[in-house]
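This report concerns only the one structure given below.
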Amino acid sequence: MPQPGDESENVSLVSREALPVGSYTEESGRSGREEDRDDVKETDFVDTDVSLLSQFHQDALTQAGYGVFQWMVFVVAGLGLAADSIEVFVVAYVIPSAERELCMEEYHKGWLGGVTFLGMMIGGLTWGNLADKLGRRRTLLSALSTNAVFSVITAFMPTYGLFVVTRLCSGIGIGGSLPIVFTYYSEFLQKKHRGRHLSWLLIFWAIGGVFVAVMAWGIVPKTGLTLMNSRRLHFGSWRVFLLICSVPSVISLIGMVFLPESPRYLLEAGRDVEAMYVYQKIFKMNHINKPGAEYQCASLPIQLSEMELPARRQSGSMMGPSNRGLINELCAALESFWTSFVRIFLPPHTTLTVVLLIVWSTTSFGFYGLQMWFPEYTRKLEEDIYNTKSVRETNLTFHNITFNYTLENKHFLYSKFQDVKFSGMLLNHCTFVSCLFYNCSFSDVRSSRTYFRQSTFRNVVFVDTDFYDYKLQDCQFENSALYSTKAGCTIDFDVNYKLSRVFLENLIAQLAIIPGNIISSCILDKLGRVKTIGMSLFLSSFSVFFLWLATSQMSVVAFQAIFNFVSISGWNAIDVITTEAYPVSLRSTGYGFSSAIGRLAAVLGNVTFGSTIESSRALPILITATVLLVGCICSVKLPETKELLM
């Protein structure tokens with residue numbers, strides 16, 4: 001009997017009569033169909049070990065059935081996927097509350113989103129590769145642990161620099177979990193409903209987005225004015241929000257502790273006895289209401305035993321530890337790490353990898369770029385409306401009066417303020433251009449987006465204000481003084497921020513994904529992966545032109561929901577086909593590399609679309625339509641994988 005890790009050449013212990021009829025070779029990506037035993041030829045059984053393992057794995061899962069066990073894996077893996085969604089959306093809710101405490105300028109805010117995708121890219125490359133060498137469960141545990149630990153630590157970081165570092169590490173962890181989640185779950189599913197259940201898994205991505213929105217609405221201050229008036233409150237609230245957002249990752253991590261290793265990986269690694277116990281565990285959990293049921297191999301009338309398991313010699317990428325020195329081990333590990341990436345570009349995977357990278361890149365560029373453009377464009381629409389309501393005061397004189405209320409959206413030009421007191425008030429989006437202030441006083445005055453330009457101050461006293469140097473532009477001071485300027489960060493915080501806008505956009509956009517997922521799960525196994533990708537990307541590309549009709553905030557939000565609804569089927573099919581197309585030894589590596597390139601494309605999309613905010617809608621429409629159409633055309637070259645065995 002072959003032992004796990006045995007270096008000698010293993011011989012398959014499955015008899016000719018015990019083998020499932022037909023043959024399958026993962027490397028070629030084709031599965032044989034069942035034929036009558038009378039037609040079986042001797043060469044039908046002269047096949048690779050991978051063929052025997054795939055046939056046996058499918059047969060074993062069929063006998064074990066689908067039930068409680070797969071649902072447990074579904075929930076645990078789904079929570080890990082929800083954590084990925086949370087990692088993407090949490091920044092939008094944290095920035096307004098954290099920017100004053102961490103003193104974030106505008107470019108700092110942009111880096112927060114970019115560093116998250118950078119971490120996800122690194123994580124996908126690293127953990128995806130390791131999952132093919134060390135096992136799905138072990139690497140998924142380490143990836144989720146990294147994300148959970150640094151998500152919690154992030155909530156306590158006192159400075160922007162430390163905050164970015166922990167966000168990067170958190171992104172590395174969750175980026176590494178994405179390829180393993182799909183790989184791990186797929187290897188517990190039978191062929192006939194693998195596409196449907198993998199598609200359902202994407203519902204958790206939408207649930208993660210909804211979870212973030214709802215938690216933010218209940219915890220984070222909802223307006224900029226609330227943030228300014230209750231600094232002590234918002235210091236704690238955004239940190240509590242981050243802690244709560246780490247809960248799905250922590251629960252997924254705990255759940256993984258009680259789940260076994262993928263039996264398909266164990267077979268590939270030569271750990272046959274362990275794989276047998278996993279199949280038996282799946283059977284027992286799925287037949288928990290049938291205590292007398294015994295697990296039998298579908299092709300044999302006797303109870304499953306070690307002798308039925310096809311043996312496989314450990315592949316080079318899954319070798320156990322040796323007696324080599326530390327330096328040699330390190331060099332060998334690095335060489336093996338690099339070799340795995342090289343292998344996905346070598347025949348017979350060359351065309352597959354190139355086409356997948358194009359599809360991932362174009363879809364990520366267009367999707368994430370447009371997702372960044374939507375909120376920025378609605379913010380611009382709000383600003384344009386706000387600016388149309390501004391009041392311009394020219395050549396006015398204010399004498400011996402007191403301003404102790406909020407002045408908002410007013411612009412004073414060539415005006416004179418004499419013996420005027422500004423006390424206990426807020427100046428919101430105001431400008432004073434070429435104005436004269438004579439015998440005036442400013443005490444306990446807060447300001448937001450308020451500037452004094454080319455103005456003159458004579459005998460003016462400033463006490464407890466936040467008029468920092470950049471707010472007093474080209475001004476002259478005569479016998480004037482500033483006392484006790486408000487301490488703390490000198491950024492210009494915008495009190496016009498409203499959480500309701502971000503909440504509404506994200507909530508509706510994520511909810512639209514759920515019905516899209518349901519439809520996708522119904523068509524993925526019927527139409528096939530390739531047709532689903534092509535149809536979804538084509539419809540997404542075509543639908544972008546309706547953005548011409550989006551001229552208000554609600555119309556933009558409605559279009560974003562429609563776009564997400566149409567495009568999610570393509571995303572589902574891309575995730576599924578990337579999981580299924582590669583052999584076991586390269587499955588996570590191929591997915592991890594593709595997702596990493598997708599993250600990089602997402603960053604480029606954010607940068608590109610961010611620069612088009614001030615331009616017409618024609619540019620983002622044409623860019624999105626073009627890249628998605630390119631992805632649609634290239635997807636035709638992908639192999640159909642719905643009949644492949646794992």
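In the structure tokens, each chain is lettered A, B, ... as it comes, each chain's residues begin at 1, and ligands are numbered from 1 in order of appearance.
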
Using only C-alpha atoms, I'd like a table of the residues in segment 530-604 of chain A that come within 9 Å of segment 132-146 of chain A; for each, show the closest atom pair and its distance in Å rounded to one decimal, ordered by chain and ascending number, as CSV.
residue,atom,partner,partner_atom,distance
A:Val584,CA,A:Asp132,CA,7.4
A:Ser585,CA,A:Asp132,CA,5.4
A:Leu586,CA,A:Asp132,CA,6.2
A:Arg587,CA,A:Asp132,CA,7.0
A:Ser588,CA,A:Asp132,CA,6.0
A:Thr589,CA,A:Asp132,CA,6.6

Dump N, CA and C atoms for the selected residues as a PDB file, in the first residue's frame?
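Contents of selection_9.pdb, as written:
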ATOM      1  N   VAL A 584      -4.933  20.853 -11.004  1.00  0.00           N
ATOM      2  CA  VAL A 584      -4.897  21.029  -9.553  1.00  0.00           C
ATOM      3  C   VAL A 584      -3.614  21.697  -9.094  1.00  0.00           C
ATOM      4  N   SER A 585      -2.504  21.307  -9.660  1.00  0.00           N
ATOM      5  CA  SER A 585      -1.206  21.817  -9.207  1.00  0.00           C
ATOM      6  C   SER A 585      -0.977  23.278  -9.564  1.00  0.00           C
ATOM      7  N   LEU A 586      -1.831  23.841 -10.448  1.00  0.00           N
ATOM      8  CA  LEU A 586      -1.673  25.245 -10.850  1.00  0.00           C
ATOM      9  C   LEU A 586      -2.957  26.048 -10.640  1.00  0.00           C
ATOM     10  N   ARG A 587      -3.949  25.442 -10.013  1.00  0.00           N
ATOM     11  CA  ARG A 587      -5.273  26.062  -9.941  1.00  0.00           C
ATOM     12  C   ARG A 587      -5.245  27.393  -9.183  1.00  0.00           C
ATOM     13  N   SER A 588      -4.714  27.396  -7.971  1.00  0.00           N
ATOM     14  CA  SER A 588      -4.663  28.629  -7.185  1.00  0.00           C
ATOM     15  C   SER A 588      -3.637  29.608  -7.730  1.00  0.00           C
ATOM     16  N   THR A 589      -2.541  29.070  -8.273  1.00  0.00           N
ATOM     17  CA  THR A 589      -1.526  29.944  -8.867  1.00  0.00           C
ATOM     18  C   THR A 589      -2.101  30.721 -10.037  1.00  0.00           C
TER      19      THR A 589
END

Item to complete: Report as a ChimeraX atom specification: the residues of segment 131-317 of chain A with a DSSP assignment of helix (DSSP H, G or I), based on the backbone of this structure.
Response: /A:131-134,136-154,160-186,191-201,203-219,224-229,231-245,247-257,263-268,272-286,306-308,316-317

Practice prompt. May I have the residues within 6 Å of segment 120-129 of chain A as a list in words, using only C-alpha atoms and disregarding those fewer than 6 positions away in the same chain?
Written response: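 So the residues in contact are Gly171, Ile172, Gly173, Gly175, Gly176, Pro179, Ser588, Thr589, Gly592, Phe593, Ala596 and Arg599 of chain A.
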
Worksheet item: Which one is closest to Arg379 of chain A: A:Val68, A:Val91, A:Met554, A:Leu638? Count only C-alpha atoms.
Response: A:Met554

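In this model, the gap between atom CA of Val210 of chain A and atom CA of Leu507 of chain A comes to 5.5 Å.
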
Worksheet entry | DSSP-assigned strand (DSSP E or B) among segment 274-480 of chain A, expressed as an MDAnalysis selection string | chainID A and resid 296 303 391:394 397:399 402:403 407:408 410:413 416:418 421:428 431:433 436:438 441:448 451:453 456:458 461:465 472:473 476:478

Fill in: Pairwise distance for atom CA of Ser443 of chain A and atom CA of Lys421 of chain A, rounded to one decimal in Å
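Interatomic distance here is 8.0 Å.
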
Excluding Gly209 of chain A and any residue of its chain fewer than 3 positions from it, enumerate the residues within 12 Å of it, using only C-alpha atoms, and give them as a short mmCIF file (atom, residue, chain, number, x, y, z; two decimals) with C-alpha atoms, in the first residue's frame.
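Result written to selection18.cif:
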data_model
loop_
_atom_site.label_atom_id
_atom_site.label_comp_id
_atom_site.auth_asym_id
_atom_site.auth_seq_id
_atom_site.Cartn_x
_atom_site.Cartn_y
_atom_site.Cartn_z
CA LEU A 79 -17.65 35.08 4.66
CA LEU A 81 -15.33 36.58 0.13
CA ALA A 82 -17.48 39.10 2.01
CA ALA A 83 -14.33 40.23 3.79
CA ASP A 84 -12.82 40.98 0.36
CA SER A 85 -15.79 43.20 -0.49
CA ILE A 86 -15.57 44.91 2.90
CA GLU A 87 -11.90 45.65 2.32
CA VAL A 88 -12.76 47.46 -0.91
CA PHE A 89 -15.69 49.55 0.37
CA VAL A 90 -14.66 50.32 3.95
CA VAL A 91 -12.29 53.15 2.94
CA ALA A 92 -15.08 55.33 1.56
CA TYR A 93 -16.77 55.37 4.96
CA LEU A 202 -20.59 35.78 -5.26
CA ILE A 203 -23.73 36.74 -3.36
CA PHE A 204 -21.49 37.08 -0.31
CA TRP A 205 -19.52 39.79 -2.14
CA ALA A 206 -22.72 41.82 -2.35
CA VAL A 212 -20.39 47.82 5.32
CA ALA A 213 -23.07 50.31 4.30
CA VAL A 214 -25.47 49.33 7.09
CA MET A 215 -22.76 49.29 9.78
CA ALA A 216 -21.50 52.68 8.64
CA CYS A 245 -15.98 45.23 9.78
CA PRO A 248 -16.71 38.38 8.89
CA VAL A 502 -22.30 57.23 -0.08
CA PHE A 503 -24.70 54.94 1.77
CA LEU A 504 -27.38 55.19 -0.92
CA GLU A 505 -24.97 54.61 -3.78
CA ASN A 506 -23.26 51.56 -2.27
CA LEU A 507 -26.40 50.00 -0.86
CA ILE A 508 -28.41 50.13 -4.08
CA ALA A 509 -25.42 49.10 -6.20
CA GLN A 510 -24.71 46.04 -4.03
CA LEU A 511 -28.34 45.01 -3.70
CA ALA A 512 -28.57 45.00 -7.50
CA ILE A 513 -25.88 42.31 -7.58
CA ILE A 514 -28.05 39.78 -5.72
#

Practice prompt. May I ask for the distance between atom CA of Ala148 of chain A and atom CA of Phe211 of chain A, given in Å to one decimal place?
Written response: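 Answer for the atom CA of Ala148 of chain A to atom CA of Phe211 of chain A separation: 16.4 Å.
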
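Excluding Ile282 of chain A itself and any same-chain residue fewer than 5 positions from it, the protein and nucleic acid residues within 9 Å of it, counting only C-alpha atoms, are Leu61, Ala64, Gly65, Tyr66, Gly67, Val68, Phe69, Gln70, Phe188, Tyr277 and His287 of chain A.
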